[in-house]
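Here is the file model_29.cif (mmCIF, C-alpha atoms).
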```
data_protein
loop_
_atom_site.label_atom_id
_atom_site.label_comp_id
_atom_site.auth_asym_id
_atom_site.auth_seq_id
_atom_site.Cartn_x
_atom_site.Cartn_y
_atom_site.Cartn_z
CA MET P 1 -5.40 -13.01 -57.47
CA LEU P 2 -5.13 -15.89 -59.96
CA ARG P 3 -1.93 -17.89 -59.54
CA SER P 4 -0.17 -20.18 -61.99
CA LEU P 5 2.86 -22.46 -61.84
CA HIS P 6 5.05 -22.64 -64.95
CA ILE P 7 7.28 -25.71 -65.33
CA ILE P 8 10.13 -26.29 -67.78
CA GLY P 9 12.77 -29.02 -67.69
CA SER P 10 15.37 -28.01 -70.25
CA ARG P 11 19.06 -27.60 -69.48
CA GLN P 12 19.94 -24.80 -71.90
CA MET P 13 18.60 -21.46 -73.07
CA GLY P 14 16.80 -21.40 -76.40
CA GLY P 15 13.62 -20.07 -77.96
CA ALA P 16 11.23 -21.92 -75.64
CA GLU P 17 13.19 -20.94 -72.54
CA SER P 18 13.36 -17.29 -73.60
CA PHE P 19 9.61 -17.21 -74.16
CA PHE P 20 9.04 -18.93 -70.79
CA LEU P 21 11.03 -16.13 -69.16
CA ARG P 22 9.18 -13.38 -71.02
CA LEU P 23 5.72 -14.79 -70.30
CA VAL P 24 6.32 -15.45 -66.59
CA ARG P 25 7.64 -11.92 -66.13
CA ALA P 26 4.80 -10.39 -68.13
CA LEU P 27 2.10 -12.28 -66.22
CA ASN P 28 3.56 -11.05 -62.95
CA GLU P 29 3.22 -7.48 -64.20
CA GLU P 30 -0.53 -8.00 -64.52
CA ASN P 31 -3.06 -8.86 -61.79
CA HIS P 32 -1.62 -12.37 -61.68
CA GLN P 33 1.08 -14.26 -59.81
CA ALA P 34 3.14 -16.63 -61.94
CA LEU P 35 5.49 -19.00 -60.14
CA ALA P 36 8.29 -20.90 -61.89
CA ALA P 37 9.62 -24.44 -61.47
CA VAL P 38 12.97 -25.19 -63.11
CA ARG P 39 15.91 -27.57 -62.81
CA PRO P 40 18.57 -26.67 -60.20
CA SER P 41 21.14 -26.32 -63.00
CA SER P 42 18.90 -24.33 -65.36
CA PRO P 43 20.30 -21.01 -66.65
CA LEU P 44 16.75 -19.71 -66.13
CA LEU P 45 17.43 -19.72 -62.39
CA GLN P 46 19.80 -16.79 -62.78
CA GLU P 47 17.63 -15.03 -65.35
CA LEU P 48 14.51 -15.16 -63.17
CA GLY P 49 16.36 -13.59 -60.26
CA THR P 50 14.36 -12.59 -57.21
CA GLU P 51 11.42 -11.02 -59.04
CA VAL P 52 9.69 -14.39 -59.52
CA GLU P 53 8.95 -17.07 -56.91
CA VAL P 54 11.06 -20.01 -58.11
CA HIS P 55 10.89 -23.67 -57.06
CA LEU P 56 13.50 -26.30 -57.92
CA VAL P 57 12.50 -29.66 -59.39
CA GLY P 58 14.99 -32.28 -60.55
CA LEU P 59 13.30 -33.10 -63.88
CA CYS P 60 16.20 -35.46 -64.62
CA ASN P 61 14.44 -37.27 -67.45
CA SER P 62 10.98 -38.13 -68.75
CA TRP P 63 10.69 -41.06 -66.31
CA ASP P 64 11.61 -39.14 -63.16
CA ILE P 65 8.80 -40.34 -60.86
CA PHE P 66 10.25 -38.46 -57.89
CA SER P 67 9.94 -35.14 -59.75
CA SER P 68 6.36 -35.96 -60.64
CA ALA P 69 5.64 -36.35 -56.92
CA VAL P 70 7.44 -33.07 -56.17
CA ILE P 71 5.23 -31.29 -58.73
CA ARG P 72 2.08 -32.69 -57.12
CA LYS P 73 3.30 -31.51 -53.73
CA LEU P 74 4.06 -28.05 -55.15
CA VAL P 75 0.56 -27.76 -56.59
CA ARG P 76 -0.97 -28.68 -53.23
CA GLU P 77 1.25 -26.39 -51.16
CA THR P 78 1.11 -23.33 -53.41
CA GLY P 79 -2.59 -23.64 -54.16
CA VAL P 80 -2.11 -22.54 -57.77
CA GLU P 81 -5.14 -22.74 -60.04
CA VAL P 82 -3.21 -23.27 -63.30
CA VAL P 83 -0.17 -25.45 -63.95
CA GLN P 84 1.43 -24.70 -67.32
CA SER P 85 4.10 -27.06 -68.64
CA TYR P 86 6.53 -26.41 -71.47
CA MET P 87 7.84 -29.12 -73.79
CA GLY P 88 7.80 -32.89 -73.37
CA ARG P 89 9.65 -33.66 -70.15
CA ALA P 90 7.81 -31.19 -67.94
CA SER P 91 4.47 -32.04 -69.55
CA ARG P 92 4.92 -35.80 -69.11
CA LEU P 93 5.86 -35.41 -65.43
CA THR P 94 3.09 -32.96 -64.57
CA ARG P 95 0.33 -35.04 -63.01
CA LEU P 96 -2.06 -33.06 -60.85
CA PRO P 97 -2.99 -34.35 -57.39
CA LYS P 98 -6.33 -36.11 -57.06
CA GLY P 99 -9.12 -33.74 -56.11
CA SER P 100 -7.18 -30.65 -57.22
CA ARG P 101 -9.26 -27.90 -58.84
CA ALA P 102 -6.18 -26.78 -60.77
CA VAL P 103 -6.01 -27.27 -64.53
CA HIS P 104 -2.99 -28.48 -66.48
CA VAL P 105 -2.19 -26.48 -69.61
CA ALA P 106 0.49 -27.97 -71.86
CA ARG P 107 2.19 -25.48 -74.18
CA LEU P 108 3.73 -26.94 -77.33
CA GLY P 109 6.21 -25.24 -79.61
CA GLY P 110 6.51 -28.11 -82.10
CA PHE P 111 4.81 -31.07 -83.74
CA TYR P 112 5.67 -33.42 -80.91
CA LYS P 113 4.44 -36.90 -80.05
CA ILE P 114 1.18 -36.50 -78.11
CA ASP P 115 0.69 -39.90 -76.51
CA GLY P 116 2.60 -40.35 -73.26
CA TYR P 117 3.62 -36.71 -73.08
CA TYR P 118 0.69 -34.37 -73.61
CA ARG P 119 -2.64 -36.17 -73.92
CA HIS P 120 -3.28 -36.26 -70.15
CA ALA P 121 -3.35 -32.44 -69.89
CA ASP P 122 -6.61 -30.50 -69.53
CA ALA P 123 -5.86 -28.00 -72.29
CA TRP P 124 -3.19 -27.33 -74.90
CA VAL P 125 -1.61 -24.21 -76.41
CA GLY P 126 -0.09 -24.19 -79.87
CA ASN P 127 1.85 -21.13 -80.98
CA THR P 128 0.82 -21.47 -84.65
CA LYS P 129 -2.40 -22.34 -86.43
CA ALA P 130 -0.74 -25.29 -88.15
CA LEU P 131 0.31 -26.71 -84.79
CA CYS P 132 -3.21 -26.33 -83.37
CA ASP P 133 -4.63 -28.12 -86.43
CA TYR P 134 -2.15 -30.94 -85.80
CA LEU P 135 -3.25 -31.26 -82.17
CA VAL P 136 -6.90 -31.56 -83.21
CA ARG P 137 -6.01 -34.15 -85.87
CA GLU P 138 -4.28 -36.11 -83.10
CA GLY P 139 -7.63 -36.37 -81.34
CA LEU P 140 -7.41 -33.60 -78.76
CA PRO P 141 -10.73 -31.76 -78.20
CA ALA P 142 -10.80 -28.62 -80.35
CA ALA P 143 -12.59 -26.62 -77.63
CA ARG P 144 -9.53 -27.02 -75.40
CA VAL P 145 -6.88 -26.34 -78.01
CA PHE P 146 -5.89 -22.68 -77.98
CA HIS P 147 -3.89 -20.78 -80.59
CA ILE P 148 -1.76 -18.21 -78.77
CA GLY P 149 1.34 -16.89 -80.48
CA ASN P 150 4.59 -15.67 -79.00
CA PHE P 151 5.73 -12.15 -78.31
CA VAL P 152 9.11 -10.52 -77.89
CA ASN P 153 9.94 -7.66 -75.59
CA PRO P 154 10.59 -4.23 -77.09
CA PRO P 155 14.34 -3.96 -77.68
CA ARG P 156 16.36 -1.89 -75.27
CA GLN P 157 18.01 1.29 -76.48
CA VAL P 158 21.47 0.60 -77.86
CA THR P 159 24.09 3.34 -77.96
CA PRO P 160 26.35 3.93 -80.97
CA HIS P 161 29.28 3.24 -78.63
CA GLU P 162 27.96 -0.30 -77.94
CA VAL P 163 27.59 -0.97 -81.66
CA ASP P 164 31.10 0.29 -82.38
CA ALA P 165 32.46 -1.87 -79.54
CA ARG P 166 30.90 -5.02 -81.04
CA ARG P 167 32.13 -4.06 -84.51
CA ASN P 168 35.67 -3.52 -83.26
CA GLU P 169 35.52 -6.71 -81.21
CA LEU P 170 35.12 -8.76 -84.39
CA GLY P 171 37.15 -6.51 -86.67
CA ILE P 172 34.27 -5.51 -88.95
CA PRO P 173 34.96 -2.34 -90.97
CA ALA P 174 32.70 0.62 -90.24
CA GLY P 175 31.20 0.68 -93.74
CA ALA P 176 30.58 -3.07 -94.03
CA LEU P 177 27.21 -4.55 -95.04
CA VAL P 178 26.35 -7.09 -92.35
CA LEU P 179 24.19 -10.22 -92.58
CA PHE P 180 23.25 -11.58 -89.16
CA SER P 181 21.79 -14.83 -87.85
CA LEU P 182 21.70 -16.55 -84.48
CA GLY P 183 20.50 -19.68 -82.74
CA ARG P 184 21.64 -23.01 -81.38
CA PHE P 185 24.15 -24.79 -83.59
CA ILE P 186 22.05 -27.86 -84.35
CA ASP P 187 21.00 -29.50 -87.62
CA ILE P 188 17.53 -27.96 -87.95
CA LYS P 189 18.87 -24.41 -87.82
CA GLY P 190 20.46 -24.79 -91.26
CA PHE P 191 23.53 -22.69 -90.54
CA ASP P 192 25.61 -24.79 -92.91
CA ASP P 193 23.28 -23.69 -95.73
CA LEU P 194 23.71 -20.07 -94.67
CA ILE P 195 27.51 -20.31 -94.72
CA LYS P 196 27.38 -21.94 -98.17
CA ALA P 197 24.97 -19.25 -99.37
CA PHE P 198 27.25 -16.51 -98.09
CA SER P 199 30.16 -18.00 -100.02
CA GLU P 200 28.08 -17.50 -103.21
CA LEU P 201 27.63 -13.77 -102.60
CA PRO P 202 29.97 -11.09 -103.97
CA VAL P 203 32.68 -9.77 -101.69
CA ASN P 204 31.55 -6.18 -102.25
CA ILE P 205 28.18 -4.59 -103.00
CA ASP P 206 28.08 -0.91 -103.98
CA GLY P 207 31.52 -0.41 -102.50
CA ARG P 208 30.63 -2.05 -99.17
CA THR P 209 32.30 -5.28 -98.07
CA LEU P 210 29.82 -8.04 -97.22
CA HIS P 211 30.22 -9.70 -93.79
CA LEU P 212 28.36 -12.52 -92.03
CA VAL P 213 27.94 -12.56 -88.24
CA LEU P 214 26.73 -15.79 -86.66
CA GLY P 215 25.70 -15.75 -83.00
CA GLY P 216 25.13 -18.89 -80.97
CA ASP P 217 26.77 -22.11 -79.92
CA GLY P 218 26.10 -25.83 -79.83
CA PRO P 219 27.31 -29.26 -80.89
CA LEU P 220 27.90 -28.24 -84.53
CA ARG P 221 30.16 -25.31 -83.71
CA ASP P 222 33.43 -26.88 -84.85
CA SER P 223 31.96 -28.25 -88.08
CA LEU P 224 30.43 -24.86 -88.95
CA LEU P 225 33.67 -23.00 -88.24
CA ASN P 226 35.57 -25.55 -90.31
CA LEU P 227 33.09 -25.14 -93.16
CA ALA P 228 33.64 -21.39 -93.17
CA ALA P 229 37.40 -21.98 -93.25
CA ASP P 230 37.10 -24.54 -96.06
CA LEU P 231 35.09 -22.05 -98.12
CA ASP P 232 37.85 -19.48 -97.59
CA LEU P 233 35.56 -16.83 -96.12
CA GLY P 234 38.48 -15.38 -94.20
CA ASP P 235 37.85 -12.29 -92.11
CA ARG P 236 34.38 -11.74 -93.61
CA PHE P 237 32.89 -14.50 -91.44
CA HIS P 238 32.52 -13.85 -87.72
CA TRP P 239 31.43 -16.14 -84.90
CA ALA P 240 30.15 -14.00 -82.02
CA GLY P 241 29.56 -16.85 -79.55
CA TRP P 242 26.44 -17.27 -77.42
CA LEU P 243 24.75 -13.88 -77.05
CA ARG P 244 23.07 -13.13 -73.73
CA ASP P 245 22.39 -9.63 -75.02
CA SER P 246 21.77 -9.69 -78.75
CA ALA P 247 20.49 -6.10 -79.05
CA PRO P 248 23.80 -4.51 -80.19
CA TRP P 249 24.26 -7.23 -82.79
CA PHE P 250 20.82 -6.65 -84.27
CA ARG P 251 21.60 -2.94 -84.36
CA LEU P 252 24.90 -3.66 -86.12
CA ALA P 253 23.24 -5.70 -88.87
CA ASP P 254 21.66 -4.67 -92.18
CA LEU P 255 19.54 -7.79 -92.66
CA PHE P 256 18.62 -10.92 -90.73
CA VAL P 257 18.68 -14.43 -92.20
CA VAL P 258 16.78 -17.51 -90.96
CA PRO P 259 18.12 -20.60 -92.82
CA SER P 260 16.30 -23.23 -90.72
CA THR P 261 15.21 -26.58 -92.13
CA HIS P 262 12.44 -26.77 -89.53
CA GLU P 263 10.94 -24.07 -87.33
CA THR P 264 7.46 -24.30 -85.83
CA LEU P 265 7.26 -20.56 -85.23
CA GLY P 266 10.55 -18.68 -85.32
CA ASN P 267 10.99 -16.27 -82.43
CA VAL P 268 14.07 -14.83 -84.12
CA ILE P 269 11.87 -13.45 -86.90
CA LEU P 270 9.86 -11.54 -84.30
CA GLU P 271 13.08 -10.35 -82.68
CA ALA P 272 14.46 -9.10 -86.00
CA TRP P 273 11.23 -7.23 -86.70
CA SER P 274 11.36 -5.66 -83.24
CA HIS P 275 14.79 -4.28 -84.21
CA HIS P 276 13.42 -3.05 -87.56
CA LEU P 277 15.54 -5.47 -89.57
CA PRO P 278 14.38 -6.99 -92.86
CA VAL P 279 14.21 -10.79 -92.86
CA VAL P 280 15.11 -13.49 -95.37
CA SER P 281 13.84 -16.90 -94.26
CA THR P 282 13.39 -20.42 -95.53
CA THR P 283 9.83 -21.70 -95.91
CA THR P 284 9.52 -23.43 -92.56
CA PRO P 285 6.00 -23.84 -91.11
CA GLY P 286 6.47 -20.93 -88.73
CA ALA P 287 7.99 -18.59 -91.28
CA VAL P 288 5.17 -19.04 -93.80
CA GLU P 289 2.63 -18.13 -91.10
CA LEU P 290 4.55 -14.98 -90.21
CA ILE P 291 5.94 -13.83 -93.55
CA GLU P 292 4.06 -12.93 -96.71
CA ASP P 293 6.72 -13.20 -99.39
CA GLY P 294 7.64 -9.81 -100.81
CA VAL P 295 5.31 -8.00 -98.41
CA ASN P 296 6.98 -8.17 -94.99
CA GLY P 297 9.97 -10.38 -95.77
CA LEU P 298 11.48 -12.71 -98.35
CA LEU P 299 11.07 -16.50 -98.45
CA CYS P 300 13.13 -19.17 -100.18
CA PRO P 301 13.09 -22.99 -100.34
CA ILE P 302 14.56 -25.03 -97.50
CA GLY P 303 17.99 -26.56 -98.10
CA ASP P 304 18.81 -24.47 -101.18
CA PRO P 305 21.93 -22.33 -100.51
CA GLN P 306 21.93 -20.90 -104.05
CA ARG P 307 18.36 -19.60 -103.77
CA LEU P 308 19.07 -18.35 -100.25
CA ALA P 309 22.05 -16.43 -101.61
CA ALA P 310 19.91 -14.93 -104.39
CA ARG P 311 17.28 -13.70 -101.94
CA CYS P 312 19.93 -12.22 -99.63
CA LEU P 313 21.46 -10.46 -102.62
CA GLU P 314 18.08 -8.87 -103.42
CA LEU P 315 18.11 -7.10 -100.07
CA ALA P 316 21.82 -6.57 -99.67
CA GLY P 317 21.83 -4.66 -102.95
CA SER P 318 18.85 -2.41 -102.24
CA ALA P 319 18.62 -0.09 -99.24
CA PRO P 320 15.09 1.07 -100.20
CA GLU P 321 13.88 -2.54 -100.28
CA ARG P 322 15.48 -3.25 -96.91
CA ASN P 323 13.73 -0.21 -95.45
CA ARG P 324 10.37 -1.17 -96.96
CA LEU P 325 10.43 -4.73 -95.64
CA SER P 326 11.76 -3.76 -92.21
CA SER P 327 8.89 -1.27 -91.81
CA ALA P 328 6.34 -3.87 -92.91
CA GLY P 329 7.78 -6.43 -90.49
CA ALA P 330 7.64 -4.00 -87.59
CA SER P 331 3.99 -3.24 -88.43
CA GLU P 332 3.13 -6.96 -88.54
CA LEU P 333 4.78 -7.42 -85.14
CA ALA P 334 2.87 -4.55 -83.56
CA LEU P 335 -0.51 -5.61 -84.98
CA HIS P 336 -0.46 -9.37 -84.32
CA HIS P 337 2.37 -10.32 -81.96
CA GLY P 338 2.35 -7.68 -79.26
CA ARG P 339 2.97 -8.42 -75.60
CA ASP P 340 -0.39 -7.14 -74.38
CA ALA P 341 -2.39 -9.23 -76.86
CA VAL P 342 -0.54 -12.46 -76.01
CA VAL P 343 -0.68 -11.98 -72.23
CA SER P 344 -4.38 -11.10 -72.45
CA ALA P 345 -5.01 -14.29 -74.44
CA TYR P 346 -3.36 -16.43 -71.75
CA LEU P 347 -5.33 -14.77 -68.96
CA LYS P 348 -8.57 -15.17 -70.91
CA MET P 349 -7.80 -18.87 -71.49
CA TYR P 350 -7.09 -19.43 -67.77
CA ASP P 351 -10.39 -17.80 -66.85
CA GLN P 352 -12.29 -19.82 -69.46
CA LEU P 353 -10.81 -23.10 -68.21
CA LEU P 354 -11.50 -22.34 -64.56
CA ASN P 355 -14.90 -20.76 -65.17
CA PRO P 356 -16.39 -22.50 -68.25
CA ARG P 357 -19.50 -20.33 -68.18
CA ASN P 358 -17.28 -17.33 -69.00
CA GLY P 359 -16.06 -18.97 -72.22
#
```
Spell out the structure here as structure tokens.
Amino acid sequence: MLRSLHIIGSRQMGGAESFFLRLVRALNEENHQALAAVRPSSPLLQELGTEVEVHLVGLCNSWDIFSSAVIRKLVRETGVEVVQSYMGRASRLTRLPKGSRAVHVARLGGFYKIDGYYRHADAWVGNTKALCDYLVREGLPAARVFHIGNFVNPPRQVTPHEVDARRNELGIPAGALVLFSLGRFIDIKGFDDLIKAFSELPVNIDGRTLHLVLGGDGPLRDSLLNLAADLDLGDRFHWAGWLRDSAPWFRLADLFVVPSTHETLGNVILEAWSHHLPVVSTTTPGAVELIEDGVNGLLCPIGDPQRLAARCLELAGSAPERNRLSSAGASELALHHGRDAVVSAYLKMYDQLLNPRNG
């Protein structure tokens, strides 16, 4: 059985961490054993539970030489054939022991600095075509740059009682029309633009009151909540906090909005499609690879709250259009971003790297 060690050094849960969790679990469901190496304080430790063999590595910073030695020891002791690192810190500190037959695969989810962090790896995975093109332009060998997208798990079944409970929790009327977005409250997520855009929308559409639900948390929380108060959004704006289980909130919503100023891929778009929600997104690199404007979603310029409001209004005011785009998004997800296709691509890449004649 092929064995791999997956290493991530982040402190918080986000898109990369959620995909790490999904991929490690999915690989273990195949004829493969995927081990995990995380920080002792990582929330992934609890999420991984006992179903995955987990090792603790300090990964204090990008210069943590002790952790680099611990990783080398782990590779020797576990005998894994593939070591896959996620993001800069883990990739920089992953240095394989001399004489090891293992290969180091660095997975990138953004247009990061290559020198000092990624160039020493044996192979690289980019989750979009644009990112893979960037890696080749940076001088990495094209034959060892692999384009493998992300996948999201099928959503769990949500009961009407759960949806009603979330609605009552925030005080949203039963007949309200709900816009939903979620993510870390940081600059690149563009939530300030979304709040401004919402303030431009009418209070009622076809007799239904318009509400905005924002899920997440982060350093910009207070400024975003203050912005909503300054714009006098009152009880039509709702902060749901960090959502460990977002399924009921997707089910509650009528459309999903991605206002990011930068997004290499955009896992939340895939999640919204999995819940059969129509999507309005800004034209970030990831969104324009996933969404064909007017076909499986709507796109608008980055940093333009007025245009974002106009595109949201197009969907908020038309149930048939919401249904058409949600169906097209779900079809796109099933055809090109399914779990089986992504897991198969990783396993094929591992085999090709370890057995070049099979490539």
Starting from the PyMOL selection byres ((chain P and resi 261-266) around 6), expand the selection into actual residues of this file and give them as a PyMOL selection string. chain P and resi 110+188+190+260+267-269+284-286+302
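Close contacts of stretch 43-55 of chain P, defined as residues with an atom at most 9 Å away when counting all atoms listed in the file, with chain neighbours fewer than 4 positions off set aside, comprise Arg11, Gln12, Met13, Glu17, Ser18, Leu21, Val24, Arg25, Asn28, Gln33, Ala34, Leu35, Ala36, Ala37, Val38, Arg39 and Leu74 of chain P.
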Give as a compact mmCIF listing (two decimals) with C-alpha atoms, in the frame of the given file the residues that the PyMOL selection byres ((chain P and resi 304-313) around 12) matches when applied to the coordinates above.
```
# COMPACT_ATOMS: atom_id res chain seq x y z
CA LEU P 177 27.21 -4.55 -95.04
CA VAL P 178 26.35 -7.09 -92.35
CA LEU P 179 24.19 -10.22 -92.58
CA PHE P 180 23.25 -11.58 -89.16
CA GLY P 190 20.46 -24.79 -91.26
CA PHE P 191 23.53 -22.69 -90.54
CA ASP P 192 25.61 -24.79 -92.91
CA ASP P 193 23.28 -23.69 -95.73
CA LEU P 194 23.71 -20.07 -94.67
CA ILE P 195 27.51 -20.31 -94.72
CA LYS P 196 27.38 -21.94 -98.17
CA ALA P 197 24.97 -19.25 -99.37
CA PHE P 198 27.25 -16.51 -98.09
CA SER P 199 30.16 -18.00 -100.02
CA GLU P 200 28.08 -17.50 -103.21
CA LEU P 201 27.63 -13.77 -102.60
CA PRO P 202 29.97 -11.09 -103.97
CA VAL P 203 32.68 -9.77 -101.69
CA ASN P 204 31.55 -6.18 -102.25
CA ILE P 205 28.18 -4.59 -103.00
CA ASP P 206 28.08 -0.91 -103.98
CA LEU P 210 29.82 -8.04 -97.22
CA LEU P 212 28.36 -12.52 -92.03
CA ASP P 254 21.66 -4.67 -92.18
CA LEU P 255 19.54 -7.79 -92.66
CA PHE P 256 18.62 -10.92 -90.73
CA VAL P 257 18.68 -14.43 -92.20
CA VAL P 258 16.78 -17.51 -90.96
CA PRO P 259 18.12 -20.60 -92.82
CA SER P 260 16.30 -23.23 -90.72
CA THR P 261 15.21 -26.58 -92.13
CA PRO P 278 14.38 -6.99 -92.86
CA VAL P 279 14.21 -10.79 -92.86
CA VAL P 280 15.11 -13.49 -95.37
CA SER P 281 13.84 -16.90 -94.26
CA THR P 282 13.39 -20.42 -95.53
CA THR P 283 9.83 -21.70 -95.91
CA ASP P 293 6.72 -13.20 -99.39
CA GLY P 294 7.64 -9.81 -100.81
CA GLY P 297 9.97 -10.38 -95.77
CA LEU P 298 11.48 -12.71 -98.35
CA LEU P 299 11.07 -16.50 -98.45
CA CYS P 300 13.13 -19.17 -100.18
CA PRO P 301 13.09 -22.99 -100.34
CA ILE P 302 14.56 -25.03 -97.50
CA GLY P 303 17.99 -26.56 -98.10
CA GLU P 314 18.08 -8.87 -103.42
CA LEU P 315 18.11 -7.10 -100.07
CA ALA P 316 21.82 -6.57 -99.67
CA GLY P 317 21.83 -4.66 -102.95
CA SER P 318 18.85 -2.41 -102.24
CA ALA P 319 18.62 -0.09 -99.24
CA GLU P 321 13.88 -2.54 -100.28
CA ARG P 322 15.48 -3.25 -96.91
```
Close residues, P:Asn355 itself excluded, 12 Å, all atoms listed in the file, min 4 positions apart in chain, as a ChimeraX atom specification: /P:81,101-103,347-351,359
Evaluate the PyMOL selection byres ((chain P and resi 248) around 8) against this structure - the residues, as a PyMOL selection string, please. chain P and resi 158+162-163+166+245-247+249-252
Spatial neighbours of P:Pro141, 12 Å, all atoms listed in the file, chain gap at least 2 places, as number ranges by chain: P: 119-125, 132-139, 143-146
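Nearest-residue note for P:Gly109: choosing from P:Ile65, P:Leu277, P:Ala328, P:Met87, the minimum distance belongs to P:Met87, counting all atoms listed in the file.
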Using all atoms listed in the file, which of the listed residues (P:Glu77, P:Asp217, P:Asp64, P:Asp115) sits closest to P:Gly14? P:Asp217
Using all atoms listed in the file, which residue out of P:Ala229, P:Trp63, P:Gly15, P:Val80 lies closest to P:His32? P:Val80
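Atom pair atom CA of P:His276 / atom CA of P:Ala253: separated by 10.3 Å.
With all atoms listed in the file as the atoms that count, the residue of P:Glu169, P:Asn150, P:Leu354, P:Ala106 with the shortest distance to P:Arg3 is P:Leu354.
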Coordinates-based distance that separates atom CA of P:Val105 from atom CA of P:Ile8 (Å, one decimal): 12.5 Å
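Minimum distance to P:Ala16 across P:Arg167, P:Arg324, P:Arg107, P:His336 (counting all atoms listed in the file) occurs at P:Arg107.
For the pair atom CA of P:Leu108 and atom CA of P:Tyr86, the interatomic distance is 6.5 Å.
Shortest atom-to-atom contact with P:Lys113 among P:Gln157, P:Ser41, P:Asn61, P:Ser91: P:Ser91, counting all atoms listed in the file.
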Show which residues sit within 10 Å of P:Glu332, as a PDB file with C-alpha atoms, in the coordinates of the input. Count only C-alpha atoms, and ignore same-chain residues fewer than 4 positions away.
```pdb
ATOM      1  CA  LEU P 270       9.860 -11.540 -84.300  1.00  0.00           C
ATOM      2  CA  TRP P 273      11.230  -7.230 -86.700  1.00  0.00           C
ATOM      3  CA  SER P 274      11.360  -5.660 -83.240  1.00  0.00           C
ATOM      4  CA  LEU P 290       4.550 -14.980 -90.210  1.00  0.00           C
ATOM      5  CA  ILE P 291       5.940 -13.830 -93.550  1.00  0.00           C
ATOM      6  CA  ASN P 296       6.980  -8.170 -94.990  1.00  0.00           C
ATOM      7  CA  SER P 326      11.760  -3.760 -92.210  1.00  0.00           C
ATOM      8  CA  SER P 327       8.890  -1.270 -91.810  1.00  0.00           C
ATOM      9  CA  ALA P 328       6.340  -3.870 -92.910  1.00  0.00           C
ATOM     10  CA  HIS P 336      -0.460  -9.370 -84.320  1.00  0.00           C
ATOM     11  CA  HIS P 337       2.370 -10.320 -81.960  1.00  0.00           C
ATOM     12  CA  GLY P 338       2.350  -7.680 -79.260  1.00  0.00           C
TER      13      GLY P 338
END
```
First collect every listed atom of stretch 245-258 of chain P; then fit an axis-aligned box around them, widen it by 3 Å on each side, and give centre and edge lengths in Å to one decimal, as AutoDock Vina command-line options.
```
--center_x 20.8 --center_y -10.2 --center_z -83.8 --size_x 14.1 --size_y 20.6 --size_z 23.6
```
